[in-house]
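To keep things clear, I will list the structure first and then write my remarks on it.
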Amino acid sequence: MQILLVDDEIEFTDSLSQVLCREGYTVDIAHDGITGMELAQKTTYDLLILDWMMPQSSGLMLCQKLRSLGQITPILFLTAKDTLDDRVLGLDAGADDYLVKPFELRELLARVRALLRRSPHTVELAPSTPRLQVGDLEFDRDNQLAYRQHRTIELSEKEAQLLEYFMENPNQLLTHSQIQQHLWGDSESPSSNVLAALVRLLRRKIEHSKESPLVHTVYGKGYRFGE
(Lines give C-alpha, C1' and ligand atoms only; values in the text may rest on other atoms or scores of the structure.)
Protein backbone atom coordinates (compact mmCIF):
# COMPACT_ATOMS: atom_id res chain seq x y z
CA MET A 1 0.00 0.00 0.00
CA GLN A 2 1.28 3.42 -0.97
CA ILE A 3 1.35 6.44 1.32
CA LEU A 4 2.26 10.04 0.47
CA LEU A 5 3.82 11.93 3.40
CA VAL A 6 3.93 15.72 2.99
CA ASP A 7 5.77 17.68 5.71
CA ASP A 8 8.49 20.34 5.61
CA GLU A 9 10.39 18.90 8.61
CA ILE A 10 13.01 16.70 6.92
CA GLU A 11 14.17 14.93 10.08
CA PHE A 12 10.57 14.14 11.02
CA THR A 13 9.63 12.78 7.59
CA ASP A 14 12.78 10.66 7.42
CA SER A 15 12.12 8.98 10.76
CA LEU A 16 8.37 8.55 10.20
CA SER A 17 8.85 7.13 6.70
CA GLN A 18 11.27 4.54 8.13
CA VAL A 19 8.66 3.47 10.66
CA LEU A 20 5.96 3.21 8.00
CA CYS A 21 8.27 1.23 5.70
CA ARG A 22 9.00 -1.21 8.53
CA GLU A 23 5.23 -1.72 8.80
CA GLY A 24 5.21 -2.80 5.14
CA TYR A 25 4.03 0.40 3.45
CA THR A 26 5.59 2.13 0.44
CA VAL A 27 6.17 5.81 1.26
CA ASP A 28 6.79 8.82 -0.99
CA ILE A 29 7.86 12.12 0.61
CA ALA A 30 7.32 15.76 -0.32
CA HIS A 31 8.55 18.73 1.73
CA ASP A 32 6.18 21.38 0.37
CA GLY A 33 2.58 21.59 -0.76
CA ILE A 34 3.30 22.17 -4.44
CA THR A 35 5.43 19.03 -4.76
CA GLY A 36 2.86 17.15 -2.71
CA MET A 37 0.12 18.25 -5.12
CA GLU A 38 2.13 17.08 -8.13
CA LEU A 39 2.74 13.66 -6.60
CA ALA A 40 -0.86 13.26 -5.45
CA GLN A 41 -2.12 13.93 -8.97
CA LYS A 42 0.47 11.74 -10.67
CA THR A 43 0.24 8.65 -8.44
CA THR A 44 -2.70 6.74 -6.99
CA TYR A 45 -2.07 6.61 -3.24
CA ASP A 46 -3.97 4.67 -0.60
CA LEU A 47 -3.43 7.39 2.04
CA LEU A 48 -2.16 10.98 2.24
CA ILE A 49 -0.52 12.22 5.46
CA LEU A 50 -0.28 16.02 5.43
CA ASP A 51 1.30 18.62 7.68
CA TRP A 52 -0.80 21.77 8.04
CA MET A 53 1.83 24.53 7.92
CA MET A 54 4.24 24.25 4.97
CA PRO A 55 6.02 26.61 2.59
CA GLN A 56 4.47 27.55 -0.79
CA SER A 57 1.16 25.79 -0.16
CA SER A 58 -0.26 24.64 3.16
CA GLY A 59 -1.61 21.18 3.84
CA LEU A 60 -5.04 22.74 4.28
CA MET A 61 -4.88 24.26 0.78
CA LEU A 62 -3.59 20.97 -0.64
CA CYS A 63 -6.47 19.07 0.96
CA GLN A 64 -9.05 21.56 -0.37
CA LYS A 65 -7.61 21.44 -3.91
CA LEU A 66 -7.57 17.64 -4.03
CA ARG A 67 -11.14 17.39 -2.80
CA SER A 68 -12.27 20.01 -5.35
CA LEU A 69 -10.72 17.82 -8.07
CA GLY A 70 -12.72 14.82 -6.89
CA GLN A 71 -9.90 13.02 -5.06
CA ILE A 72 -11.38 10.59 -2.51
CA THR A 73 -8.12 9.20 -1.10
CA PRO A 74 -8.21 9.28 2.74
CA ILE A 75 -6.30 12.22 4.26
CA LEU A 76 -4.77 12.38 7.73
CA PHE A 77 -3.57 15.73 9.11
CA LEU A 78 -0.54 15.82 11.41
CA THR A 79 -0.25 19.26 12.96
CA ALA A 80 0.60 21.28 16.03
CA LYS A 81 -2.69 23.19 15.63
CA ASP A 82 -4.77 21.84 18.47
CA THR A 83 -7.74 24.15 18.99
CA LEU A 84 -11.29 23.00 18.31
CA ASP A 85 -11.63 25.61 15.55
CA ASP A 86 -8.52 24.21 13.84
CA ARG A 87 -9.86 20.66 13.99
CA VAL A 88 -13.21 21.72 12.56
CA LEU A 89 -11.48 23.69 9.79
CA GLY A 90 -9.32 20.72 8.84
CA LEU A 91 -12.20 18.27 8.79
CA ASP A 92 -14.39 20.69 6.84
CA ALA A 93 -11.61 21.03 4.28
CA GLY A 94 -11.99 17.33 3.53
CA ALA A 95 -9.62 15.57 5.93
CA ASP A 96 -10.69 12.16 7.25
CA ASP A 97 -8.71 12.30 10.49
CA TYR A 98 -6.64 14.73 12.52
CA LEU A 99 -3.74 13.99 14.89
CA VAL A 100 -2.03 16.66 16.99
CA LYS A 101 1.76 16.76 17.35
CA PRO A 102 3.39 15.43 19.44
CA PHE A 103 1.63 12.08 19.26
CA GLU A 104 2.18 8.48 20.30
CA LEU A 105 3.56 6.43 17.41
CA ARG A 106 1.23 3.50 18.12
CA GLU A 107 -1.79 5.80 17.88
CA LEU A 108 -0.59 7.12 14.52
CA LEU A 109 -0.12 3.57 13.19
CA ALA A 110 -3.58 2.58 14.44
CA ARG A 111 -5.14 5.55 12.65
CA VAL A 112 -3.18 4.74 9.48
CA ARG A 113 -4.48 1.18 9.52
CA ALA A 114 -8.04 2.35 10.12
CA LEU A 115 -7.91 4.82 7.22
CA LEU A 116 -6.31 2.28 4.88
CA ARG A 117 -9.14 -0.15 5.58
CA ARG A 118 -11.53 2.54 4.29
CA SER A 119 -9.39 3.46 1.28
CA PRO A 120 -11.22 2.89 -2.03
CA HIS A 121 -7.96 1.85 -3.67
CA THR A 122 -7.24 -0.75 -0.99
CA VAL A 123 -10.69 -2.26 -1.53
CA GLU A 124 -10.13 -2.45 -5.27
CA LEU A 125 -6.76 -4.13 -4.93
CA ALA A 126 -7.73 -6.64 -2.29
CA PRO A 127 -11.13 -8.15 -3.00
CA SER A 128 -12.10 -10.87 -0.56
CA THR A 129 -12.44 -14.50 -1.65
CA PRO A 130 -14.82 -16.99 -0.02
CA ARG A 131 -12.00 -19.33 1.06
CA LEU A 132 -8.44 -18.84 2.24
CA GLN A 133 -5.74 -21.51 2.26
CA VAL A 134 -2.31 -21.69 3.88
CA GLY A 135 -0.58 -25.06 3.66
CA ASP A 136 -3.13 -27.77 4.37
CA LEU A 137 -5.43 -25.44 6.34
CA GLU A 138 -8.50 -23.95 4.67
CA PHE A 139 -10.81 -21.31 6.06
CA ASP A 140 -14.37 -20.75 4.87
CA ARG A 141 -15.15 -17.08 5.56
CA ASP A 142 -18.88 -17.38 4.92
CA ASN A 143 -19.51 -20.27 7.30
CA GLN A 144 -16.77 -19.47 9.86
CA LEU A 145 -15.32 -22.98 9.56
CA ALA A 146 -11.76 -24.24 9.07
CA TYR A 147 -10.69 -27.55 7.53
CA ARG A 148 -7.48 -29.50 8.10
CA GLN A 149 -6.52 -33.14 7.62
CA HIS A 150 -10.10 -34.11 6.72
CA ARG A 151 -11.54 -32.61 9.90
CA THR A 152 -13.90 -29.68 10.34
CA ILE A 153 -12.92 -27.03 12.90
CA GLU A 154 -15.61 -24.87 14.47
CA LEU A 155 -14.48 -21.42 15.56
CA SER A 156 -15.82 -18.69 17.80
CA GLU A 157 -16.36 -15.22 16.35
CA LYS A 158 -13.04 -13.85 17.61
CA GLU A 159 -11.13 -17.03 16.70
CA ALA A 160 -12.47 -16.77 13.15
CA GLN A 161 -11.49 -13.10 12.93
CA LEU A 162 -7.99 -13.87 14.17
CA LEU A 163 -7.51 -16.83 11.80
CA GLU A 164 -8.77 -14.79 8.86
CA TYR A 165 -6.33 -11.99 9.66
CA PHE A 166 -3.46 -14.47 9.96
CA MET A 167 -4.31 -16.16 6.67
CA GLU A 168 -4.69 -12.87 4.83
CA ASN A 169 -1.11 -12.02 5.84
CA PRO A 170 0.84 -15.31 5.57
CA ASN A 171 4.50 -15.36 6.60
CA GLN A 172 4.35 -11.73 7.78
CA LEU A 173 5.16 -10.49 11.25
CA LEU A 174 1.94 -9.16 12.76
CA THR A 175 2.64 -7.15 15.89
CA HIS A 176 0.55 -7.35 19.04
CA SER A 177 -0.76 -3.84 18.43
CA GLN A 178 -1.70 -4.60 14.80
CA ILE A 179 -3.69 -7.67 15.82
CA GLN A 180 -5.39 -5.92 18.73
CA GLN A 181 -6.37 -3.00 16.51
CA HIS A 182 -7.78 -5.35 13.88
CA LEU A 183 -9.79 -7.44 16.36
CA TRP A 184 -10.97 -4.80 18.79
CA GLY A 185 -10.41 -1.43 17.09
CA ASP A 186 -10.23 1.77 19.11
CA SER A 187 -13.33 1.10 21.20
CA GLU A 188 -11.78 -1.61 23.39
CA SER A 189 -8.34 -1.97 24.96
CA PRO A 190 -7.84 -5.61 25.97
CA SER A 191 -4.74 -6.62 27.87
CA SER A 192 -1.97 -8.55 26.15
CA ASN A 193 -3.10 -11.61 28.14
CA VAL A 194 -6.43 -11.59 26.30
CA LEU A 195 -4.72 -11.82 22.92
CA ALA A 196 -2.30 -14.51 24.14
CA ALA A 197 -5.23 -16.56 25.46
CA LEU A 198 -7.07 -16.22 22.14
CA VAL A 199 -3.99 -17.39 20.21
CA ARG A 200 -3.68 -20.43 22.52
CA LEU A 201 -7.32 -21.38 21.93
CA LEU A 202 -6.88 -21.07 18.17
CA ARG A 203 -3.69 -23.16 18.23
CA ARG A 204 -5.43 -25.97 20.10
CA LYS A 205 -8.06 -26.16 17.38
CA ILE A 206 -5.92 -25.90 14.24
CA GLU A 207 -2.71 -27.65 15.40
CA HIS A 208 -3.37 -31.23 16.52
CA SER A 209 -0.62 -33.73 17.24
CA LYS A 210 1.50 -34.67 14.24
CA GLU A 211 0.29 -31.57 12.38
CA SER A 212 2.90 -28.94 11.56
CA PRO A 213 2.59 -25.74 13.62
CA LEU A 214 1.18 -22.73 11.78
CA VAL A 215 1.13 -19.98 14.43
CA HIS A 216 4.68 -18.96 15.35
CA THR A 217 5.43 -16.62 18.23
CA VAL A 218 7.96 -13.86 17.58
CA TYR A 219 8.90 -13.14 21.17
CA GLY A 220 8.39 -9.57 22.30
CA LYS A 221 6.85 -8.56 18.97
CA GLY A 222 3.90 -10.63 17.80
CA TYR A 223 3.11 -13.64 15.60
CA ARG A 224 3.87 -15.03 12.17
CA PHE A 225 1.47 -17.44 10.44
CA GLY A 226 2.60 -20.10 7.96
CA GLU A 227 4.34 -23.44 7.57
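We label chains A, B, ... in the order they appear in the C-alpha coordinates, count residues from 1 in each chain, and number ligands from 1 in the order shown.
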Output as a tab-separated table one row per residue of segment 84-194 of chain A within 12 Å of segment 48-61 of chain A: the closest atom pair and its distance in Å to one decimal place, counting only C-alpha atoms, sorted by chain and residue number ascending.
```
residue	atom	partner	partner_atom	distance
A:Asp86	CA	A:Trp52	CA	10.0
A:Arg87	CA	A:Trp52	CA	10.9
A:Val88	CA	A:Leu60	CA	11.7
A:Leu89	CA	A:Leu60	CA	8.5
A:Gly90	CA	A:Leu60	CA	6.6
A:Leu91	CA	A:Leu60	CA	9.6
A:Asp92	CA	A:Leu60	CA	9.9
A:Ala93	CA	A:Leu60	CA	6.8
A:Gly94	CA	A:Leu60	CA	8.8
A:Ala95	CA	A:Leu60	CA	8.7
A:Asp96	CA	A:Leu48	CA	10.0
A:Asp97	CA	A:Ile49	CA	9.6
A:Tyr98	CA	A:Leu50	CA	9.6
A:Leu99	CA	A:Asp51	CA	9.9
A:Val100	CA	A:Asp51	CA	10.1
A:Lys101	CA	A:Asp51	CA	9.9
A:Leu108	CA	A:Ile49	CA	10.4
A:Leu109	CA	A:Ile49	CA	11.6
A:Arg111	CA	A:Ile49	CA	10.8
A:Val112	CA	A:Ile49	CA	8.9
A:Leu115	CA	A:Leu48	CA	9.8
A:Leu116	CA	A:Leu48	CA	10.0
A:Ser119	CA	A:Leu48	CA	10.5
```
- What are the DSSP helix (DSSP H, G or I) residues of segment 105-227 of chain A, as an MDAnalysis selection string? chainID A and resid 105:118 120:125 157:168 176:184 192:206
- Item | For atom CA of Arg113 of chain A and atom CA of Phe77 of chain A, the interatomic separation in Å (one decimal) | 14.6 Å
- Task: Write out as number ranges by chain the residues lying within 6 Å of segment 214-217 of chain A, counting only C-alpha atoms and excluding same-chain residues fewer than 4 positions away.
- Result: A: 223-227
Can I get the selected residues back with N, CA and C atoms, as a PDB file, in the first residue's frame?
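out.pdb was written with the following content:
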```
ATOM      1  N   TYR A 223       3.265 -12.290  16.126  1.00  0.00           N
ATOM      2  CA  TYR A 223       3.108 -13.636  15.598  1.00  0.00           C
ATOM      3  C   TYR A 223       3.321 -13.637  14.096  1.00  0.00           C
ATOM      4  N   ARG A 224       3.757 -14.815  13.601  1.00  0.00           N
ATOM      5  CA  ARG A 224       3.874 -15.033  12.166  1.00  0.00           C
ATOM      6  C   ARG A 224       3.125 -16.319  11.849  1.00  0.00           C
ATOM      7  N   PHE A 225       2.319 -16.301  10.782  1.00  0.00           N
ATOM      8  CA  PHE A 225       1.473 -17.443  10.437  1.00  0.00           C
ATOM      9  C   PHE A 225       1.959 -18.074   9.137  1.00  0.00           C
ATOM     10  N   GLY A 226       2.191 -19.381   9.168  1.00  0.00           N
ATOM     11  CA  GLY A 226       2.602 -20.100   7.963  1.00  0.00           C
ATOM     12  C   GLY A 226       3.340 -21.353   8.343  1.00  0.00           C
ATOM     13  N   GLU A 227       3.650 -22.176   7.324  1.00  0.00           N
ATOM     14  CA  GLU A 227       4.340 -23.442   7.573  1.00  0.00           C
ATOM     15  C   GLU A 227       5.826 -23.190   7.783  1.00  0.00           C
TER      16      GLU A 227
END
```
- Note on the structure: Min atom-atom distance to Arg148 of chain A from the set A:Ile10, A:Ile75, A:Val134, A:Ala30, counting only C-alpha atoms, belongs to A:Val134
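Using only C-alpha atoms for every distance, the candidate list A:Gln18, A:Asp7, A:Gly33, A:Thr44 yields A:Asp7 as the residue closest to Thr79 of chain A.
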